[in-house]
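Engineer: Here you go, this is upload33.txt (compact mmCIF, C-alpha atoms).
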```txt
# COMPACT_ATOMS: atom_id res chain seq x y z
CA MET A 179 69.93 6.40 17.04
CA LYS A 180 69.88 3.37 14.74
CA HIS A 181 67.80 1.40 17.27
CA LEU A 182 65.36 4.27 17.65
CA LEU A 183 64.82 4.39 13.89
CA VAL A 184 64.20 0.63 13.76
CA PHE A 185 61.78 0.90 16.68
CA LEU A 186 59.83 3.72 15.02
CA ILE A 187 59.53 1.79 11.75
CA VAL A 188 58.37 -1.40 13.51
CA TYR A 189 55.96 0.57 15.72
CA GLY A 190 54.49 2.35 12.71
CA GLN A 191 53.95 -0.95 10.90
CA CYS A 192 52.30 -2.51 13.94
CA THR A 193 49.87 0.37 14.42
CA ILE A 194 48.65 -0.11 10.85
CA ILE A 195 48.59 -3.92 11.01
CA PHE A 196 46.66 -4.00 14.29
CA ALA A 197 44.48 -0.97 13.60
CA ARG A 198 40.79 -1.54 13.14
CA GLU A 199 39.47 -1.44 9.62
CA ASN A 200 37.18 1.24 8.34
CA LYS A 201 33.98 0.14 6.62
CA LEU A 202 32.48 1.51 3.45
CA ASN A 203 28.69 1.18 3.33
CA ILE A 204 26.70 1.92 0.19
CA TRP A 205 22.93 1.88 0.70
CA ASN A 206 20.50 1.65 -2.20
CA ASN A 207 17.68 3.93 -1.10
CA LEU A 208 16.27 4.64 -4.58
CA ASP A 209 12.53 5.21 -4.85
CA PRO A 210 10.81 1.79 -4.70
CA ASN A 211 7.89 3.18 -6.75
CA HIS A 212 10.11 3.53 -9.82
CA LYS A 213 10.61 0.64 -12.23
CA HIS A 214 14.44 0.72 -12.19
CA THR A 215 15.56 0.43 -8.57
CA THR A 216 18.73 -1.66 -8.95
CA LEU A 217 21.90 0.30 -8.28
CA PHE A 218 25.09 -0.43 -10.23
CA VAL A 219 28.27 0.14 -8.19
CA HIS A 220 31.90 -0.37 -9.24
CA CYS A 221 34.60 0.56 -6.70
CA LYS A 222 38.37 0.57 -7.18
CA SER A 223 41.61 1.66 -5.58
CA GLY A 224 45.09 1.77 -7.07
CA SER A 225 45.57 -1.96 -6.46
CA ILE A 226 42.07 -3.32 -5.75
CA ASP A 227 39.12 -3.68 -8.11
CA LYS A 228 35.92 -4.71 -6.30
CA GLY A 229 34.23 -5.50 -9.62
CA PRO A 230 30.75 -4.48 -10.72
CA GLN A 231 28.00 -4.96 -8.15
CA TYR A 232 24.23 -4.78 -8.64
CA VAL A 233 22.59 -3.71 -5.39
CA PRO A 234 18.81 -4.24 -5.11
CA TYR A 235 16.57 -1.60 -3.57
CA GLY A 236 16.86 -1.42 0.23
CA LYS A 237 20.08 -3.44 0.34
CA LEU A 238 23.58 -2.65 1.50
CA TYR A 239 26.86 -3.18 -0.34
CA GLN A 240 29.71 -3.11 2.16
CA PHE A 241 33.43 -3.79 2.26
CA PRO A 242 36.28 -3.16 4.72
CA ILE A 243 39.08 -0.73 3.97
CA LYS A 244 42.51 -1.47 5.33
CA GLU A 245 44.72 1.55 5.62
CA THR A 246 48.19 1.44 4.04
CA TRP A 247 51.12 2.19 6.29
CA LEU A 248 51.61 5.45 4.36
CA ARG A 249 47.98 6.41 5.08
CA ASN A 250 47.36 7.16 1.42
CA THR A 251 44.45 4.81 0.73
CA LEU A 252 42.03 6.02 -1.93
CA PHE A 253 38.86 4.34 -3.24
CA TRP A 254 36.63 5.73 -5.97
CA CYS A 255 33.33 4.38 -7.25
CA THR A 256 31.02 4.65 -10.22
CA PHE A 257 27.30 4.67 -9.41
CA ARG A 258 24.55 4.20 -12.01
CA HIS A 259 20.79 3.76 -11.95
CA GLY A 260 17.65 4.27 -13.99
CA PRO A 261 16.56 2.89 -17.36
CA ASN A 262 19.67 1.57 -19.13
CA TYR A 263 21.61 2.91 -16.12
CA LYS A 264 21.54 6.36 -17.73
CA PHE A 265 22.09 8.32 -14.49
CA GLU A 266 25.69 8.23 -13.31
CA GLN A 267 28.14 9.68 -10.82
CA LYS A 268 31.86 8.92 -10.31
CA PHE A 269 33.83 10.21 -7.33
CA ASP A 270 36.23 9.41 -4.49
CA VAL A 271 34.40 7.59 -1.70
CA TYR A 272 37.36 7.24 0.68
CA LYS A 273 40.52 9.34 1.00
CA SER A 274 42.59 8.69 4.10
CA ARG A 275 44.72 11.84 3.85
CA SER A 276 41.82 14.23 3.50
CA GLN A 277 39.90 12.86 6.48
CA ARG A 278 41.08 12.87 10.07
CA VAL A 279 38.76 10.11 11.20
CA PRO A 280 39.67 7.41 13.73
CA GLN A 281 40.16 3.87 12.52
CA GLY A 282 37.08 1.70 12.91
CA SER A 283 34.85 4.36 11.34
CA ILE A 284 31.94 3.76 9.00
CA TYR A 285 31.81 5.74 5.75
CA GLU A 286 28.18 5.68 4.61
CA TRP A 287 26.95 6.60 1.16
CA ILE A 288 23.17 6.68 0.74
CA VAL A 289 21.94 6.64 -2.85
CA LYS A 290 18.59 8.33 -3.53
CA GLU A 291 16.66 9.47 -6.60
CA ASP A 292 17.69 13.09 -6.12
CA GLY A 293 21.38 12.42 -5.49
CA ILE A 294 23.99 10.80 -3.29
CA TYR A 295 24.32 11.53 0.42
CA PHE A 296 27.17 10.94 2.87
CA ARG A 297 27.98 10.65 6.54
CA ILE A 298 30.75 9.30 8.76
CA ASN A 299 29.68 7.18 11.72
CA SER A 300 26.43 8.54 13.14
CA ALA A 301 26.77 12.14 11.92
CA PRO A 302 23.80 13.65 10.08
CA ILE A 303 23.65 12.82 6.37
CA HIS A 304 24.21 15.55 3.82
CA LYS A 305 23.83 15.64 0.06
CA VAL A 306 27.14 15.54 -1.78
CA HIS A 307 26.39 14.77 -5.45
CA ASN A 308 23.61 15.16 -8.01
CA TRP A 309 23.12 12.64 -10.78
CA LYS A 310 24.50 13.23 -14.28
CA LEU A 311 23.26 11.74 -17.53
CA THR A 312 25.79 9.23 -18.91
CA GLY A 313 27.72 10.62 -21.83
CA ALA A 314 26.95 14.17 -20.71
```
Will you turn the file into structure tokens for me?

Structural biologist:
Amino acid sequence: MKHLLVFLIVYGQCTIIFARENKLNIWNNLDPNHKHTTLFVHCKSGSIDKGPQYVPYGKLYQFPIKETWLRNTLFWCTFRHGPNYKFEQKFDVYKSRSQRVPQGSIYEWIVKEDGIYFRINSAPIHKVHNWKLTGA
């Protein structure tokens, strides 16, 4: 019984260590006809702070997400755009427990003038969030 427990612990650790990473893609697809097309993004987890990023129109901000052995990884981001970055949205962009998605998946957030859209892998995109005025 003791050997079985050790085996299960080691096996569980190995499946996480050798599992493929998920990718988080954030696309700036704001309207290029507007004056303020740079997207501000700041993503964090409980132990990782990706720091503020300024993503130009048409560009991608991407980073890998390694799953914890407890499968409780959570990342949240703040998005801002517009004059003085007055339009904002903050939300969870990756929750491992709430999604039953295979490792090696791509979590794609597409930022547009009318809101923020999402898809996993090659699924159709769907609108998830509207913009809020900062301080509102």

Engineer: In the coordinate frame of the file, compute which residues have an atom within 9 Å of (19.1, 2.9, -14.8) when using only C-alpha atoms, and state them as a PyMOL selection string.

Structural biologist: chain A and resi 214-218+258-266

Engineer: Set the distance at 7 Å and use only C-alpha atoms: which residues neighbour A:Lys268 once local chain neighbours fewer than 4 positions away are removed? I'd like the list as a PDB file with C-alpha atoms, in the coordinates of the input.

Structural biologist:
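So the final result, stored in around_19.pdb, reads:
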```pdb
ATOM      1  CA  CYS A 255      33.330   4.380  -7.250  1.00  0.00           C
ATOM      2  CA  THR A 256      31.020   4.650 -10.220  1.00  0.00           C
ATOM      3  CA  PHE A 257      27.300   4.670  -9.410  1.00  0.00           C
TER       4      PHE A 257
END
```

Engineer: Identify which of the residues A:Asp270, A:Glu199, A:Asp209, A:Asp227 lies closest to A:Pro242, counting all atoms listed in the file when measuring atom-to-atom distances.

Structural biologist: A:Glu199

Engineer: Show me the residues around (10.3, 1.5, -5.0) - criterion: an atom at most 12 Å away, all atoms listed in the file counted - as a PDB file with C-alpha atoms, in the coordinates of the input.

Structural biologist:
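result-v8.pdb was written with the following content:
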```
ATOM      1  CA  ASN A 206      20.500   1.650  -2.200  1.00  0.00           C
ATOM      2  CA  ASN A 207      17.680   3.930  -1.100  1.00  0.00           C
ATOM      3  CA  LEU A 208      16.270   4.640  -4.580  1.00  0.00           C
ATOM      4  CA  ASP A 209      12.530   5.210  -4.850  1.00  0.00           C
ATOM      5  CA  PRO A 210      10.810   1.790  -4.700  1.00  0.00           C
ATOM      6  CA  ASN A 211       7.890   3.180  -6.750  1.00  0.00           C
ATOM      7  CA  HIS A 212      10.110   3.530  -9.820  1.00  0.00           C
ATOM      8  CA  LYS A 213      10.610   0.640 -12.230  1.00  0.00           C
ATOM      9  CA  HIS A 214      14.440   0.720 -12.190  1.00  0.00           C
ATOM     10  CA  THR A 215      15.560   0.430  -8.570  1.00  0.00           C
ATOM     11  CA  THR A 216      18.730  -1.660  -8.950  1.00  0.00           C
ATOM     12  CA  PRO A 234      18.810  -4.240  -5.110  1.00  0.00           C
ATOM     13  CA  TYR A 235      16.570  -1.600  -3.570  1.00  0.00           C
ATOM     14  CA  GLY A 236      16.860  -1.420   0.230  1.00  0.00           C
ATOM     15  CA  GLY A 260      17.650   4.270 -13.990  1.00  0.00           C
ATOM     16  CA  LYS A 290      18.590   8.330  -3.530  1.00  0.00           C
ATOM     17  CA  GLU A 291      16.660   9.470  -6.600  1.00  0.00           C
TER      18      GLU A 291
END
```

Engineer: In terms of the shortest atom-to-atom distance over all atoms listed in the file, which of A:Arg249, A:Lys310, A:Lys237, A:Lys273 is closest to A:Ser223?

Structural biologist: A:Lys273

Engineer: Give the answer as one residue: which of A:Trp254, A:Phe269, A:Tyr285, A:Tyr295 has the shortest atom-to-atom distance to A:Gln240, using all atoms listed in the file?

Structural biologist: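 For A:Gln240, the nearest of the given residues is A:Tyr285.
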
Engineer: Residues at most 8 Å from A:Asn308, counting all atoms listed in the file, excluding those fewer than 2 positions away in the same chain, as a list in words?

Structural biologist: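 The filter keeps Gln267, Asp292, Gly293, Ile294, Val306 and Lys310 of chain A.
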
Engineer: Counting all atoms listed in the file, which residue out of A:Gln231, A:Ser225, A:Asn203, A:Thr251 sits closest to A:Tyr272?

Structural biologist: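 Using all atoms listed in the file, the shortest distance to A:Tyr272 belongs to A:Thr251.
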
Engineer: Mind pulling up the distance from atom CA of A:Ile288 to atom CA of A:Val219?

Structural biologist: 12.2 Å

Engineer: How far is it from atom CA of A:Gln281 to atom CA of A:Asn200, in Å with one decimal?

Structural biologist: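 Atom CA of A:Asn200 lies 5.8 Å from atom CA of A:Gln281.
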